[in-house]
>>> print(open('entry09.cif').read())   # mmCIF, C-alpha atoms and all ligand atoms
data_upload
#
loop_
_atom_site.label_atom_id
_atom_site.label_comp_id
_atom_site.auth_asym_id
_atom_site.auth_seq_id
_atom_site.Cartn_x
_atom_site.Cartn_y
_atom_site.Cartn_z
CA MET N 1249 -26.57 -0.63 96.11
CA GLU N 1250 -27.66 -0.69 92.46
CA ILE N 1251 -31.20 0.43 91.73
CA VAL N 1252 -31.76 0.01 88.01
CA LYS N 1253 -35.35 -1.20 87.67
CA VAL N 1254 -38.65 0.59 88.02
CA VAL N 1255 -42.12 -0.92 88.17
CA ILE N 1256 -44.85 1.31 86.73
CA PRO N 1257 -48.38 0.11 87.53
CA ALA N 1258 -50.59 1.19 84.63
CA ALA N 1259 -53.59 -1.09 84.84
CA GLY N 1260 -56.06 1.38 86.38
CA LEU N 1261 -59.45 1.81 84.77
CA GLY N 1262 -59.39 5.61 84.69
CA THR N 1263 -63.07 6.01 85.52
CA ARG N 1264 -62.51 9.65 86.52
CA PHE N 1265 -61.86 10.40 82.86
CA LEU N 1266 -64.84 8.70 81.27
CA PRO N 1267 -65.90 8.72 78.50
CA TYR N 1268 -62.32 9.39 77.23
CA THR N 1269 -61.07 6.22 78.94
CA LYS N 1270 -63.71 4.12 77.20
CA THR N 1271 -61.10 3.59 74.49
CA MET N 1272 -57.95 5.42 75.63
CA PRO N 1273 -55.70 4.53 78.58
CA LYS N 1274 -55.70 7.36 81.13
CA GLU N 1275 -51.89 7.12 81.12
CA MET N 1276 -52.01 8.41 77.52
CA LEU N 1277 -53.79 11.69 78.36
CA PRO N 1278 -51.75 14.41 76.66
CA ILE N 1279 -49.90 17.00 78.69
CA ILE N 1280 -48.54 19.54 76.20
CA GLY N 1281 -47.85 17.00 73.49
CA LYS N 1282 -46.62 14.13 75.65
CA PRO N 1283 -48.68 11.36 77.23
CA ALA N 1284 -48.84 11.59 81.02
CA ILE N 1285 -46.86 8.37 81.49
CA HIS N 1286 -43.91 9.82 79.56
CA PHE N 1287 -43.04 12.02 82.55
CA SER N 1288 -42.65 9.17 85.09
CA VAL N 1289 -40.53 7.16 82.67
CA GLN N 1290 -38.37 10.20 81.90
CA GLU N 1291 -37.93 10.81 85.63
CA ALA N 1292 -36.87 7.18 86.18
CA ILE N 1293 -34.33 7.37 83.38
CA ASN N 1294 -32.99 10.68 84.69
CA SER N 1295 -32.55 8.84 88.01
CA GLY N 1296 -30.22 6.24 86.48
CA ILE N 1297 -32.82 3.52 85.89
CA ASP N 1298 -32.52 1.55 82.67
CA HIS N 1299 -35.19 -1.14 82.91
CA VAL N 1300 -38.87 -0.31 83.04
CA LEU N 1301 -41.57 -2.86 83.79
CA PHE N 1302 -45.13 -1.77 83.11
CA ILE N 1303 -47.99 -3.62 84.76
CA THR N 1304 -50.76 -3.24 82.21
CA ASN N 1305 -53.93 -4.94 81.04
CA ARG N 1306 -55.48 -5.83 77.72
CA SER N 1307 -56.66 -2.30 76.97
CA LYS N 1308 -53.26 -0.63 77.35
CA GLU N 1309 -51.54 -1.57 74.11
CA LEU N 1310 -51.03 2.06 73.17
CA ILE N 1311 -48.50 2.34 76.01
CA SER N 1312 -46.26 -0.33 74.48
CA ASN N 1313 -46.61 1.27 71.05
CA TYR N 1314 -45.49 4.60 72.47
CA PHE N 1315 -42.34 3.12 74.03
CA ASP N 1316 -41.39 1.28 70.84
CA SER N 1317 -39.34 2.65 67.98
CA ALA N 1318 -41.13 3.81 64.82
CA PRO N 1319 -38.55 3.79 61.99
CA ASP N 1320 -41.05 4.84 59.30
CA LEU N 1321 -42.13 7.88 61.26
CA ASP N 1322 -38.50 8.76 62.04
CA SER N 1323 -37.42 8.71 58.41
CA LEU N 1324 -40.45 10.76 57.41
CA LEU N 1325 -39.62 13.33 60.08
CA GLU N 1326 -35.96 13.31 59.09
CA ASP N 1327 -36.92 14.18 55.49
CA LYS N 1328 -38.97 17.09 56.76
CA ASN N 1329 -36.26 18.20 59.21
CA LYS N 1330 -38.59 17.57 62.14
CA LEU N 1331 -36.84 14.75 63.95
CA HIS N 1332 -36.57 17.01 67.02
CA GLU N 1333 -40.31 16.49 67.63
CA VAL N 1334 -39.64 12.89 68.75
CA LYS N 1335 -36.21 13.56 70.25
CA ASP N 1336 -37.21 12.99 73.90
CA ILE N 1337 -39.17 9.78 73.37
CA ASN N 1338 -36.50 8.39 71.04
CA HIS N 1339 -33.87 9.09 73.67
CA ILE N 1340 -35.96 7.21 76.26
CA ILE N 1341 -36.39 4.26 73.86
CA LYS N 1342 -32.63 4.12 73.21
CA THR N 1343 -31.69 4.39 76.87
CA ALA N 1344 -33.98 1.83 78.53
CA HIS N 1345 -35.38 -1.68 78.17
CA PHE N 1346 -39.13 -2.08 78.44
CA SER N 1347 -41.05 -5.09 79.72
CA TYR N 1348 -44.75 -5.67 80.21
CA ILE N 1349 -46.76 -7.93 82.49
CA ARG N 1350 -50.52 -7.99 82.30
CA GLN N 1351 -52.72 -7.92 85.37
CA SER N 1352 -55.85 -9.85 84.49
CA SER N 1353 -58.12 -8.16 87.03
CA PRO N 1354 -57.83 -4.93 89.04
CA LEU N 1355 -56.90 -6.36 92.44
CA GLY N 1356 -55.10 -3.31 93.78
CA LEU N 1357 -51.71 -1.62 93.76
CA GLY N 1358 -50.19 -4.31 96.00
CA HIS N 1359 -51.27 -7.02 93.58
CA ALA N 1360 -49.84 -5.07 90.64
CA VAL N 1361 -46.46 -4.77 92.41
CA LEU N 1362 -46.51 -8.45 93.38
CA MET N 1363 -46.72 -9.31 89.68
CA ALA N 1364 -43.21 -7.86 89.31
CA LYS N 1365 -41.67 -10.50 91.60
CA PRO N 1366 -40.17 -12.72 88.85
CA PHE N 1367 -38.64 -9.61 87.25
CA ILE N 1368 -36.89 -8.28 90.34
CA GLY N 1369 -34.82 -10.90 92.17
CA LYS N 1370 -33.08 -10.01 95.44
CA GLU N 1371 -32.48 -6.32 94.81
CA TYR N 1372 -33.91 -2.93 95.73
CA PHE N 1373 -36.18 -1.53 93.03
CA ALA N 1374 -38.24 1.59 92.36
CA VAL N 1375 -41.99 1.96 91.92
CA ALA N 1376 -43.49 5.02 90.20
CA LEU N 1377 -47.23 5.62 90.01
CA PRO N 1378 -47.84 7.46 86.73
CA ASP N 1379 -50.82 9.38 88.18
CA ASP N 1380 -48.26 11.38 90.12
CA ILE N 1381 -46.09 13.67 88.03
CA ILE N 1382 -43.34 15.34 90.02
CA MET N 1383 -41.41 18.22 88.47
CA GLY N 1384 -38.36 19.74 90.05
CA LYS N 1385 -34.65 20.36 89.75
CA LYS N 1386 -33.77 16.86 90.92
CA PRO N 1387 -35.78 13.84 89.75
CA ALA N 1388 -37.97 12.52 92.60
CA LEU N 1389 -36.76 8.93 92.23
CA ALA N 1390 -33.13 10.10 92.31
CA GLN N 1391 -33.87 11.77 95.66
CA LEU N 1392 -35.28 8.50 97.04
CA ILE N 1393 -32.45 6.39 95.62
CA ARG N 1394 -29.90 8.58 97.40
CA ILE N 1395 -31.64 7.99 100.74
CA ALA N 1396 -32.11 4.25 100.09
CA ARG N 1397 -28.36 3.94 99.48
CA GLN N 1398 -27.52 6.01 102.53
CA GLU N 1399 -29.86 4.07 104.87
CA LYS N 1400 -29.73 0.69 103.07
CA ALA N 1401 -33.47 0.48 103.48
CA THR N 1402 -36.88 1.02 101.91
CA VAL N 1403 -37.81 4.67 101.29
CA ILE N 1404 -41.16 6.17 100.35
CA ALA N 1405 -41.89 9.66 99.06
CA VAL N 1406 -44.16 11.83 101.18
CA GLN N 1407 -45.65 15.29 101.04
CA GLU N 1408 -47.55 17.37 103.59
CA VAL N 1409 -51.20 17.61 102.57
CA PRO N 1410 -54.06 19.65 104.05
CA HIS N 1411 -55.63 17.70 106.93
CA ASP N 1412 -58.98 17.37 105.17
CA GLN N 1413 -57.27 15.45 102.34
CA VAL N 1414 -55.51 12.71 104.36
CA SER N 1415 -58.29 10.21 103.61
CA SER N 1416 -57.20 10.14 99.94
CA TYR N 1417 -53.70 8.87 100.74
CA GLY N 1418 -51.54 6.42 102.58
CA VAL N 1419 -50.31 8.26 105.70
CA ILE N 1420 -47.23 7.69 107.88
CA ARG N 1421 -46.69 7.74 111.63
CA ILE N 1422 -43.26 9.16 112.39
CA LYS N 1423 -40.89 7.22 114.62
CA LYS N 1424 -38.01 9.68 114.42
CA GLN N 1425 -37.25 12.84 112.46
CA ILE N 1426 -33.70 12.56 111.13
CA THR N 1427 -33.37 15.74 109.07
CA PRO N 1428 -36.01 18.36 108.13
CA ASN N 1429 -37.00 16.16 105.17
CA LEU N 1430 -36.17 12.63 106.33
CA PHE N 1431 -38.19 10.53 108.76
CA GLN N 1432 -37.94 7.01 110.07
CA VAL N 1433 -41.40 5.48 109.79
CA ASP N 1434 -43.15 3.85 112.72
CA SER N 1435 -46.28 2.64 110.90
CA LEU N 1436 -48.50 3.45 107.94
CA ILE N 1437 -52.20 3.47 107.29
CA GLU N 1438 -53.98 3.51 103.93
CA LYS N 1439 -56.63 6.21 103.48
CA PRO N 1440 -57.38 6.88 107.16
CA SER N 1441 -60.25 9.03 108.33
CA LEU N 1442 -59.16 12.44 109.62
CA LYS N 1443 -59.47 11.30 113.22
CA ASP N 1444 -57.36 8.14 112.65
CA ALA N 1445 -54.62 9.87 110.63
CA PRO N 1446 -51.31 9.74 112.52
CA SER N 1447 -49.92 12.78 110.61
CA ASN N 1448 -50.54 14.79 107.47
CA LEU N 1449 -47.50 13.29 105.73
CA ALA N 1450 -49.06 11.54 102.76
CA ILE N 1451 -47.43 8.93 100.53
CA ILE N 1452 -47.04 10.21 96.99
CA GLY N 1453 -46.47 7.70 94.24
CA ARG N 1454 -42.72 7.05 94.45
CA TYR N 1455 -41.07 4.21 96.35
CA VAL N 1456 -37.72 2.42 96.59
CA LEU N 1457 -38.53 -1.00 97.98
CA SER N 1458 -36.59 -3.93 99.34
CA HIS N 1459 -37.40 -7.23 97.58
CA LYS N 1460 -38.75 -8.31 100.98
CA ILE N 1461 -41.93 -6.49 99.99
CA PHE N 1462 -42.87 -9.57 97.95
CA SER N 1463 -43.01 -11.94 100.93
CA SER N 1464 -45.02 -9.32 102.85
CA LEU N 1465 -47.43 -8.96 99.92
CA GLU N 1466 -47.79 -12.74 99.72
CA GLU N 1467 -48.36 -13.04 103.43
CA ILE N 1468 -51.08 -10.38 103.63
CA SER N 1469 -52.76 -11.40 100.37
CA GLY N 1470 -54.60 -14.14 102.27
CA TYR N 1471 -56.53 -11.68 104.41
CA ALA N 1472 -56.82 -8.72 102.02
CA THR N 1473 -60.54 -8.16 101.71
CA ASN N 1474 -61.06 -6.15 98.58
CA GLU N 1475 -57.81 -4.98 97.00
CA LEU N 1476 -54.25 -5.83 98.02
CA GLN N 1477 -52.69 -2.58 99.27
CA LEU N 1478 -49.01 -1.74 98.88
CA THR N 1479 -49.23 0.42 102.02
CA ASP N 1480 -50.39 -2.60 104.07
CA ALA N 1481 -47.44 -4.66 102.79
CA ILE N 1482 -44.98 -1.91 103.78
CA ALA N 1483 -46.67 -1.82 107.22
CA HIS N 1484 -46.19 -5.59 107.38
CA MET N 1485 -42.46 -5.21 106.58
CA LEU N 1486 -42.17 -2.79 109.51
CA GLN N 1487 -43.73 -5.39 111.78
CA GLN N 1488 -41.01 -7.80 110.60
CA ASN N 1489 -38.44 -5.28 111.92
CA GLU N 1490 -37.48 -3.93 108.49
CA ARG N 1491 -36.48 -0.25 108.60
CA VAL N 1492 -38.57 2.08 106.43
CA PHE N 1493 -37.89 5.76 105.79
CA ALA N 1494 -40.02 8.55 104.37
CA TYR N 1495 -38.54 11.45 102.46
CA LYS N 1496 -40.26 14.76 101.80
CA ILE N 1497 -39.66 15.14 98.10
CA GLU N 1498 -38.49 18.48 96.73
CA GLY N 1499 -40.54 19.39 93.68
CA THR N 1500 -44.07 20.13 92.51
CA ARG N 1501 -46.46 17.21 92.39
CA TYR N 1502 -49.49 16.97 90.13
CA ASP N 1503 -52.10 14.27 90.61
CA VAL N 1504 -52.94 13.74 86.94
CA GLY N 1505 -55.25 10.88 87.90
CA THR N 1506 -57.92 13.53 88.53
CA PRO N 1507 -59.26 16.01 85.94
CA ARG N 1508 -58.35 18.88 88.29
CA GLY N 1509 -54.74 17.77 88.70
CA TRP N 1510 -54.41 17.04 85.00
CA LEU N 1511 -55.66 20.54 84.16
CA LYS N 1512 -53.26 22.14 86.65
CA ALA N 1513 -50.31 20.20 85.22
CA THR N 1514 -51.30 21.17 81.69
CA VAL N 1515 -51.62 24.88 82.47
CA ASP N 1516 -48.45 24.98 84.60
CA LEU N 1517 -46.35 23.23 81.98
CA ALA N 1518 -47.82 25.37 79.21
CA MET N 1519 -46.81 28.46 81.17
CA GLN N 1520 -43.22 27.20 81.24
CA ASP N 1521 -43.21 26.62 77.49
CA PRO N 1522 -42.35 29.69 75.37
CA LEU N 1523 -44.50 28.25 72.59
CA HIS N 1524 -47.69 28.29 74.69
CA LYS N 1525 -47.16 30.82 77.46
CA GLU N 1526 -48.67 33.83 75.63
CA ASP N 1527 -51.80 31.91 74.57
CA ILE N 1528 -52.45 30.66 78.09
CA LEU N 1529 -51.94 34.14 79.55
CA GLN N 1530 -54.42 35.58 77.07
CA VAL N 1531 -57.07 33.01 77.98
CA VAL N 1532 -56.51 33.52 81.70
CA GLN N 1533 -56.57 37.31 81.30
CA LYS N 1534 -59.86 37.12 79.42
CA HIS N 1535 -61.46 35.21 82.27
CA THR N 1536 -59.77 37.20 85.01
CA GLN N 1537 -61.16 40.46 83.69
CA ILE N 1538 -64.57 39.43 84.93
CA TYR N 1539 -63.27 39.69 88.50
CA ILE N 1540 -61.11 42.79 88.15
CA PRO N 1541 -62.29 45.99 89.79
CA THR N 1542 -62.19 48.54 86.95
CA ASN N 1543 -59.66 50.83 88.65
CA GLN N 1544 -57.00 48.09 88.87
CA PRO N 1545 -54.51 47.45 86.09
CA LEU N 1546 -54.69 43.91 84.71
CA GLN N 1547 -51.05 42.99 85.35
CA LYS N 1548 -51.43 43.24 89.12
CA VAL N 1549 -54.13 40.62 89.22
CA ILE N 1550 -52.33 37.90 87.29
C1 LIG N 1601 -52.14 5.12 95.94
C2 LIG N 1601 -51.60 4.54 97.25
C3 LIG N 1601 -51.64 5.60 98.36
C4 LIG N 1601 -50.90 6.85 97.90
C5 LIG N 1601 -51.45 7.37 96.56
C6 LIG N 1601 -50.58 8.49 96.02
O1 LIG N 1601 -53.52 5.38 96.10
O2 LIG N 1601 -52.37 3.41 97.62
O3 LIG N 1601 -51.05 5.09 99.52
O4 LIG N 1601 -51.01 7.84 98.89
O5 LIG N 1601 -51.46 6.30 95.57
O6 LIG N 1601 -51.05 9.00 94.83
P1 LIG N 1601 -54.51 5.67 94.85
O7 LIG N 1601 -54.39 7.12 94.57
O8 LIG N 1601 -54.05 4.82 93.72
O9 LIG N 1601 -55.87 5.29 95.34
#
>>> encode(input="entry09.cif", output="structure tokens")
Amino acid sequence: MEIVKVVIPAAGLGTRFLPYTKTMPKEMLPIIGKPAIHFSVQEAINSGIDHVLFITNRSKELISNYFDSAPDLDSLLEDKNKLHEVKDINHIIKTAHFSYIRQSSPLGLGHAVLMAKPFIGKEYFAVALPDDIIMGKKPALAQLIRIARQEKATVIAVQEVPHDQVSSYGVIRIKKQITPNLFQVDSLIEKPSLKDAPSNLAIIGRYVLSHKIFSSLEEISGYATNELQLTDAIAHMLQQNERVFAYKIEGTRYDVGTPRGWLKATVDLAMQDPLHKEDILQVVQKHTQIYIPTNQPLQKVI
């Protein structure tokens, strides 16, 4: 089973980051020098994917500029011996093909994925939501692709979340636990209330989907009220006797679609970067001192 294409929906309005997103796509928020969307694309490429389709809109042109080569900049940097500063993005540009489809109005994640239908054909493909950045030893999509190949079926990434947060996610009902991290899914529900949630296993933004998702999306689009949900289409596939699996991803996930998650990702990544670690520690120490009982040495608190 070859899985070589990823769909990256990037047409969200980013209202949580206003006024920044008045002119800038939220996907271009910097996280230690790289735009947030860089990380999902890098993860896809590290997972063996070589064709990236972005679902964008008219205000997201900066994304296509970022994933395009810039020969003038490269030769300038080469002269100054600074080509290493664009090494990662240039490697991505060399490795993958990039395509763009525009979504004319924000009709939901399901609608964005449905726009990829002409691009996909009759194959399994990946979906990565760029609001979710997942860092770990093994790329998250590579973990899902392994399971999709093993089970020859659709696989979605999940994570245990605190019960009071289930209403922010799609949530799965387990049919069967296969290994500590792998579950066969019985049903799914998008953003349930706490009392309706069948578990606390929440969908995080990585999927490997059968092309059959497109007929499910088309079928449910008739009765979708507000936005067309991808979760509802996966639930529809299950009703058509398709097998769907959920895999508890190994890695740390940051929801950079919220200011809180973006800040956490920024600080965490800065702490792993020898160039920034000392500065961050100094800032944190300065603020931590306020809470330190005077008889305790500073190091113990950090
Ligand atoms: C989307 C999906 C939801 C999933 C979440 C993960 O929701 O619809 O099922 O749990 O991403 O980040 P959104 O956060 O776009 O509202």
>>> axis_aligned_box(input="entry09.cif", around="ligand LIG 1601 (chain N)", padding_each_side="4 Å", output="AutoDock Vina command-line options")
--center_x -53.2 --center_y 6.2 --center_z 96.6 --size_x 13.3 --size_y 13.6 --size_z 13.8
>>> residues_around(input="entry09.cif", residues="region 1389-1404 of chain N", least_positions_apart="6", cutoff="9 Å", atoms="all atoms listed in the file", output="number ranges by chain")
N: 1249-1251, 1291-1292, 1294-1296, 1372, 1374-1376, 1430, 1451-1458, 1482, 1490-1498
>>> closest_residue(input="entry09.cif", among="N:Lys1370, N:Lys1512, N:Arg1264, N:Lys1335", to="ligand LIG 1601 (chain N)", atoms="all atoms listed in the file")
N:Arg1264
>>> residues_around(input="entry09.cif", residues="Pro1278 (chain N)", least_positions_apart="4", cutoff="12 Å", atoms="all atoms listed in the file", output="VMD selection string")
chain N and resid 1268 1272 to 1274 1282 to 1287 1504 1510 to 1511 1513 to 1515 1517 to 1518
>>> residues_around(input="entry09.cif", residues="Ser1347 (chain N)", least_positions_apart="5", cutoff="7 Å", atoms="all atoms listed in the file", output="ChimeraX atom specification")
/N:1300-1302
>>> write_last_selection(input="entry09.cif", atoms="C-alpha atoms", output="PDB file, keeping the file's coordinate frame")
ATOM      1  CA  VAL N1300     -38.870  -0.310  83.040  1.00  0.00           C
ATOM      2  CA  LEU N1301     -41.570  -2.860  83.790  1.00  0.00           C
ATOM      3  CA  PHE N1302     -45.130  -1.770  83.110  1.00  0.00           C
TER       4      PHE N1302
END
>>> atom_distance(input="entry09.cif", atom1="CA of Asp1503 (chain N)", atom2="CA of Val1419 (chain N)")
16.3 Å
>>> atom_distance(input="entry09.cif", atom1="CA of Thr1506 (chain N)", atom2="CA of Val1532 (chain N)")
21.2 Å
>>> residues_around(input="entry09.cif", residues="region 1313-1322 of chain N", least_positions_apart="5", cutoff="8 Å", atoms="all atoms listed in the file", output="number ranges by chain")
N: 1331, 1334, 1337-1338, 1340-1341, 1346
>>> residues_around(input="entry09.cif", residues="Phe1462 (chain N)", least_positions_apart="3", cutoff="12 Å", atoms="all atoms listed in the file", output="number ranges by chain")
N: 1358-1373, 1457-1459, 1465-1469, 1476, 1478, 1480-1482, 1484-1485
>>> closest_residue(input="entry09.cif", among="N:Met1519, N:Ile1303, N:Val1252, N:Ala1258", to="ligand LIG 1601 (chain N)", atoms="all atoms listed in the file")
N:Ala1258
>>> closest_residue(input="entry09.cif", among="N:Leu1357, N:Leu1310, N:Leu1449, N:Ile1279", to="ligand LIG 1601 (chain N)", atoms="all atoms listed in the file")
N:Leu1357
>>> decode(input="entry09.cif", residues="region 1323-1333 of chain N", atoms="all heavy atoms", output="compact mmCIF listing (two decimals), in the first residue's frame")
# COMPACT_ATOMS: atom_id res chain seq x y z
N SER N 1323 21.28 32.74 -3.54
CA SER N 1323 22.63 33.15 -3.97
C SER N 1323 23.18 34.22 -3.04
O SER N 1323 24.38 34.25 -2.73
CB SER N 1323 22.66 33.56 -5.44
OG SER N 1323 21.82 34.63 -5.64
N LEU N 1324 22.29 35.07 -2.54
CA LEU N 1324 22.73 36.07 -1.55
C LEU N 1324 23.28 35.39 -0.30
O LEU N 1324 24.35 35.73 0.22
CB LEU N 1324 21.51 36.93 -1.17
CG LEU N 1324 21.80 38.31 -0.65
CD1 LEU N 1324 21.83 39.28 -1.83
CD2 LEU N 1324 20.72 38.74 0.33
N LEU N 1325 22.54 34.38 0.18
CA LEU N 1325 22.97 33.67 1.38
C LEU N 1325 24.26 32.89 1.13
O LEU N 1325 25.12 32.80 2.01
CB LEU N 1325 21.87 32.72 1.86
CG LEU N 1325 20.62 33.41 2.42
CD1 LEU N 1325 19.52 32.40 2.71
CD2 LEU N 1325 20.93 34.19 3.69
N GLU N 1326 24.38 32.35 -0.07
CA GLU N 1326 25.58 31.60 -0.41
C GLU N 1326 26.81 32.51 -0.33
O GLU N 1326 27.83 32.15 0.26
CB GLU N 1326 25.44 30.99 -1.81
CG GLU N 1326 26.47 29.92 -2.05
CD GLU N 1326 26.10 29.01 -3.21
OE1 GLU N 1326 25.19 29.37 -4.01
OE2 GLU N 1326 26.76 27.97 -3.35
N ASP N 1327 26.68 33.73 -0.89
CA ASP N 1327 27.78 34.70 -0.84
C ASP N 1327 28.19 35.00 0.60
O ASP N 1327 29.35 35.22 0.91
CB ASP N 1327 27.37 36.02 -1.50
CG ASP N 1327 27.24 35.85 -3.01
OD1 ASP N 1327 27.68 34.79 -3.51
OD2 ASP N 1327 26.67 36.76 -3.67
N LYS N 1328 27.21 35.04 1.47
CA LYS N 1328 27.49 35.38 2.87
C LYS N 1328 27.77 34.15 3.72
O LYS N 1328 27.81 34.23 4.96
CB LYS N 1328 26.30 36.13 3.47
CG LYS N 1328 26.05 37.50 2.88
CD LYS N 1328 24.84 38.14 3.58
CE LYS N 1328 24.40 39.43 2.95
NZ LYS N 1328 25.31 40.55 3.13
N ASN N 1329 27.85 32.99 3.07
CA ASN N 1329 28.09 31.73 3.80
C ASN N 1329 26.98 31.41 4.81
O ASN N 1329 27.24 30.94 5.92
CB ASN N 1329 29.43 31.81 4.53
CG ASN N 1329 30.29 30.63 4.16
OD1 ASN N 1329 29.77 29.66 3.58
ND2 ASN N 1329 31.56 30.71 4.47
N LYS N 1330 25.74 31.72 4.43
CA LYS N 1330 24.64 31.53 5.37
C LYS N 1330 23.53 30.64 4.80
O LYS N 1330 22.39 30.69 5.26
CB LYS N 1330 24.04 32.89 5.74
CG LYS N 1330 24.89 33.69 6.69
CD LYS N 1330 24.16 34.93 7.14
CE LYS N 1330 24.85 35.53 8.35
NZ LYS N 1330 24.15 36.69 8.84
N LEU N 1331 23.90 29.85 3.80
CA LEU N 1331 22.89 29.02 3.14
C LEU N 1331 22.24 28.03 4.11
O LEU N 1331 21.11 27.59 3.91
CB LEU N 1331 23.54 28.28 1.96
CG LEU N 1331 22.63 27.92 0.79
CD1 LEU N 1331 21.81 29.10 0.30
CD2 LEU N 1331 23.44 27.34 -0.36
N HIS N 1332 22.97 27.72 5.20
CA HIS N 1332 22.41 26.77 6.19
C HIS N 1332 21.11 27.29 6.81
O HIS N 1332 20.30 26.52 7.29
CB HIS N 1332 23.45 26.48 7.29
CG HIS N 1332 23.88 27.72 8.01
ND1 HIS N 1332 24.93 28.52 7.54
CD2 HIS N 1332 23.42 28.32 9.12
CE1 HIS N 1332 25.07 29.55 8.36
NE2 HIS N 1332 24.17 29.45 9.32
N GLU N 1333 20.89 28.62 6.78
CA GLU N 1333 19.68 29.17 7.41
C GLU N 1333 18.41 28.74 6.69
O GLU N 1333 17.33 28.76 7.26
CB GLU N 1333 19.75 30.70 7.45
CG GLU N 1333 21.07 31.17 8.02
CD GLU N 1333 20.94 32.28 9.03
OE1 GLU N 1333 19.96 33.02 8.92
OE2 GLU N 1333 21.83 32.40 9.89
